[in-house]
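For reference, entry.cif is printed below; it contains mmCIF, C-alpha atoms; chains and numbers go by the auth columns.
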data_query
loop_
_atom_site.group_PDB
_atom_site.id
_atom_site.type_symbol
_atom_site.label_atom_id
_atom_site.label_comp_id
_atom_site.label_asym_id
_atom_site.label_seq_id
_atom_site.Cartn_x
_atom_site.Cartn_y
_atom_site.Cartn_z
_atom_site.B_iso_or_equiv
_atom_site.auth_seq_id
_atom_site.auth_asym_id
ATOM 1 C CA MET A 1 116.340 132.666 139.853 0.00 1 A
ATOM 2 C CA PRO A 2 115.047 129.550 138.005 0.00 2 A
ATOM 3 C CA ARG A 3 113.770 126.665 140.059 0.00 3 A
ATOM 4 C CA ARG A 4 116.268 123.830 140.381 0.00 4 A
ATOM 5 C CA THR A 5 114.996 120.536 139.035 0.00 5 A
ATOM 6 C CA THR A 6 115.245 117.165 140.700 0.00 6 A
ATOM 7 C CA LEU A 7 117.650 116.041 137.982 0.00 7 A
ATOM 8 C CA HIS A 8 119.967 119.014 138.506 0.00 8 A
ATOM 9 C CA HIS A 9 119.858 118.502 142.267 0.00 9 A
ATOM 10 C CA HIS A 10 120.674 114.806 141.882 0.00 10 A
ATOM 11 C CA MET A 11 123.595 115.435 139.550 0.00 11 A
ATOM 12 C CA GLU A 12 125.355 117.889 141.886 0.00 12 A
ATOM 13 C CA GLU A 13 128.457 116.791 143.747 0.00 13 A
ATOM 14 C CA PRO A 14 127.796 115.070 147.083 0.00 14 A
ATOM 15 C CA GLY A 15 127.598 117.422 150.019 0.00 15 A
ATOM 16 C CA PRO A 16 129.338 117.300 153.370 0.00 16 A
ATOM 17 C CA ALA A 17 127.502 114.070 154.201 0.00 17 A
ATOM 18 C CA GLY A 18 130.429 112.136 152.742 0.00 18 A
ATOM 19 C CA PRO A 19 131.017 109.792 149.829 0.00 19 A
ATOM 20 C CA ARG A 20 128.168 108.238 147.875 0.00 20 A
ATOM 21 C CA THR A 21 126.865 104.900 149.094 0.00 21 A
ATOM 22 C CA ALA A 22 126.970 101.806 146.899 0.00 22 A
ATOM 23 C CA ARG A 23 123.238 102.263 146.267 0.00 23 A
ATOM 24 C CA GLY A 24 123.857 105.899 145.306 0.00 24 A
ATOM 25 C CA LYS A 25 126.577 104.863 142.872 0.00 25 A
ATOM 26 C CA LYS A 26 124.241 102.290 141.296 0.00 26 A
ATOM 27 C CA PHE A 27 121.567 104.949 141.001 0.00 27 A
ATOM 28 C CA ASP A 28 124.052 107.335 139.350 0.00 28 A
ATOM 29 C CA ALA A 29 125.107 104.611 136.883 0.00 29 A
ATOM 30 C CA SER A 30 121.454 103.904 136.114 0.00 30 A
ATOM 31 C CA LEU A 31 120.833 107.596 135.536 0.00 31 A
ATOM 32 C CA ASP A 32 123.830 107.669 133.182 0.00 32 A
ATOM 33 C CA ILE A 33 122.150 104.925 131.127 0.00 33 A
ATOM 34 C CA LEU A 34 119.048 107.086 130.738 0.00 34 A
ATOM 35 C CA CYS A 35 121.147 110.074 129.729 0.00 35 A
ATOM 36 C CA SER A 36 123.044 107.965 127.177 0.00 36 A
ATOM 37 C CA LEU A 37 119.698 107.156 125.533 0.00 37 A
ATOM 38 C CA GLU A 38 119.393 110.899 124.882 0.00 38 A
ATOM 39 C CA LEU A 39 115.986 111.106 126.539 0.00 39 A
ATOM 40 C CA SER A 40 114.582 114.566 127.104 0.00 40 A
ATOM 41 C CA ALA A 41 115.202 116.165 130.486 0.00 41 A
ATOM 42 C CA GLN A 42 111.480 115.783 131.212 0.00 42 A
ATOM 43 C CA ALA A 43 111.607 112.042 130.528 0.00 43 A
ATOM 44 C CA VAL A 44 114.726 111.565 132.665 0.00 44 A
ATOM 45 C CA GLU A 45 113.127 113.497 135.518 0.00 45 A
ATOM 46 C CA PHE A 46 109.938 111.438 135.228 0.00 46 A
ATOM 47 C CA PHE A 47 111.860 108.168 135.524 0.00 47 A
ATOM 48 C CA LEU A 48 114.044 109.619 138.279 0.00 48 A
ATOM 49 C CA ARG A 49 110.996 110.568 140.377 0.00 49 A
ATOM 50 C CA THR A 50 109.236 107.278 139.640 0.00 50 A
ATOM 51 C CA ALA A 51 112.358 105.303 140.563 0.00 51 A
ATOM 52 C CA TYR A 52 112.623 107.126 143.894 0.00 52 A
ATOM 53 C CA GLU A 53 108.935 106.486 144.618 0.00 53 A
ATOM 54 C CA ARG A 54 109.142 102.788 143.733 0.00 54 A
ATOM 55 C CA ARG A 55 112.587 102.299 145.257 0.00 55 A
ATOM 56 C CA ARG A 56 113.924 100.985 141.958 0.00 56 A
ATOM 57 C CA LEU A 57 116.700 101.956 139.583 0.00 57 A
ATOM 58 C CA PRO A 58 115.637 104.179 136.668 0.00 58 A
ATOM 59 C CA HIS A 59 116.987 101.870 133.957 0.00 59 A
ATOM 60 C CA GLU A 60 114.944 98.986 135.401 0.00 60 A
ATOM 61 C CA LEU A 61 111.769 100.989 134.788 0.00 61 A
ATOM 62 C CA ILE A 62 112.815 101.679 131.192 0.00 62 A
ATOM 63 C CA ARG A 63 113.612 98.000 130.625 0.00 63 A
ATOM 64 C CA GLU A 64 110.216 96.917 131.979 0.00 64 A
ATOM 65 C CA LEU A 65 108.425 99.509 129.851 0.00 65 A
ATOM 66 C CA ILE A 66 110.188 98.332 126.695 0.00 66 A
ATOM 67 C CA GLU A 67 109.613 94.640 127.474 0.00 67 A
ATOM 68 C CA GLU A 68 105.882 95.270 128.015 0.00 68 A
ATOM 69 C CA HIS A 69 105.693 97.207 124.739 0.00 69 A
ATOM 70 C CA VAL A 70 107.432 94.403 122.829 0.00 70 A
ATOM 71 C CA LYS A 71 105.001 91.827 124.263 0.00 71 A
ATOM 72 C CA ARG A 72 102.014 93.947 123.164 0.00 72 A
ATOM 73 C CA VAL A 73 103.403 94.439 119.663 0.00 73 A
ATOM 74 C CA GLU A 74 104.213 90.734 119.311 0.00 74 A
ATOM 75 C CA ALA A 75 100.682 89.852 120.432 0.00 75 A
ATOM 76 C CA MET A 76 99.203 92.241 117.850 0.00 76 A
ATOM 77 C CA VAL A 77 101.412 90.833 115.066 0.00 77 A
ATOM 78 C CA THR A 78 100.558 87.254 116.041 0.00 78 A
ATOM 79 C CA ALA A 79 96.857 88.116 116.120 0.00 79 A
ATOM 80 C CA SER A 80 97.062 89.683 112.656 0.00 80 A
ATOM 81 C CA TRP A 81 98.831 86.612 111.253 0.00 81 A
ATOM 82 C CA ASN A 82 96.241 84.296 112.759 0.00 82 A
ATOM 83 C CA SER A 83 93.271 86.353 111.606 0.00 83 A
ATOM 84 C CA GLY A 84 93.812 85.542 107.934 0.00 84 A
ATOM 85 C CA HIS A 85 93.398 89.204 106.998 0.00 85 A
ATOM 86 C CA PRO A 86 96.231 91.328 105.681 0.00 86 A
ATOM 87 C CA VAL A 87 97.524 94.004 108.020 0.00 87 A
#

Produce structure tokens that represent the structure in this file.
Amino acid sequence: MPRRTTLHHHMEEPGPAGPRTARGKKFDASLDILCSLELSAQAVEFFLRTAYERRRLPHELIRELIEEHVKRVEAMVTASWNSGHPV
């Protein structure tokens, strides 16, 4: 039988422990955002594990990653404009 992934385990219906907590519902909504971006299962699982480890929501990690990337790209573009050399 294939090994169950963290993502598959997370997406199963809640067990006998009862209804999802507010934090669990937020986490599910955050996971839905990642899935709506059509990321690969590997990418979703990576952010799911990292979010659990850092006690953050998965979409927050994606947002931070994108914001950091934009800052780096803007810095490179600004540097190329100020260098006087064509890109």

*Counting all atoms listed in the file, what is within 10 Å of segment 59-68 of chain A, bar same-chain residues fewer than 5 positions away, as JSON, numbers by chain?*
{"A": [27, 29, 30, 31, 32, 33, 34, 47, 48, 50, 51, 54, 73, 74]}

Please define a box with edges along x, y and z of the file around all atoms of segment 58-63 of chain A given in the file, extend it by 5 Å on each side, and return its centre and edge lengths in Å to one decimal, as JSON.
{"center_x": 114.4, "center_y": 101.1, "center_z": 133.6, "size_x": 15.2, "size_y": 16.2, "size_z": 16.0}

*Could you check how far atom CA of Glu45 of chain A sits from atom CA of Leu57 of chain A, in Å to one decimal?*
12.7 Å

*At what distance in Å, to one decimal, does atom CA of Arg56 of chain A lie from atom CA of Arg72 of chain A?*
23.3 Å

_What's the separation between atom CA of Cys35 of chain A and atom CA of Pro58 of chain A, in Å to one decimal place?_
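Computed distance, atom CA of Cys35 of chain A to atom CA of Pro58 of chain A, equals 10.6 Å.
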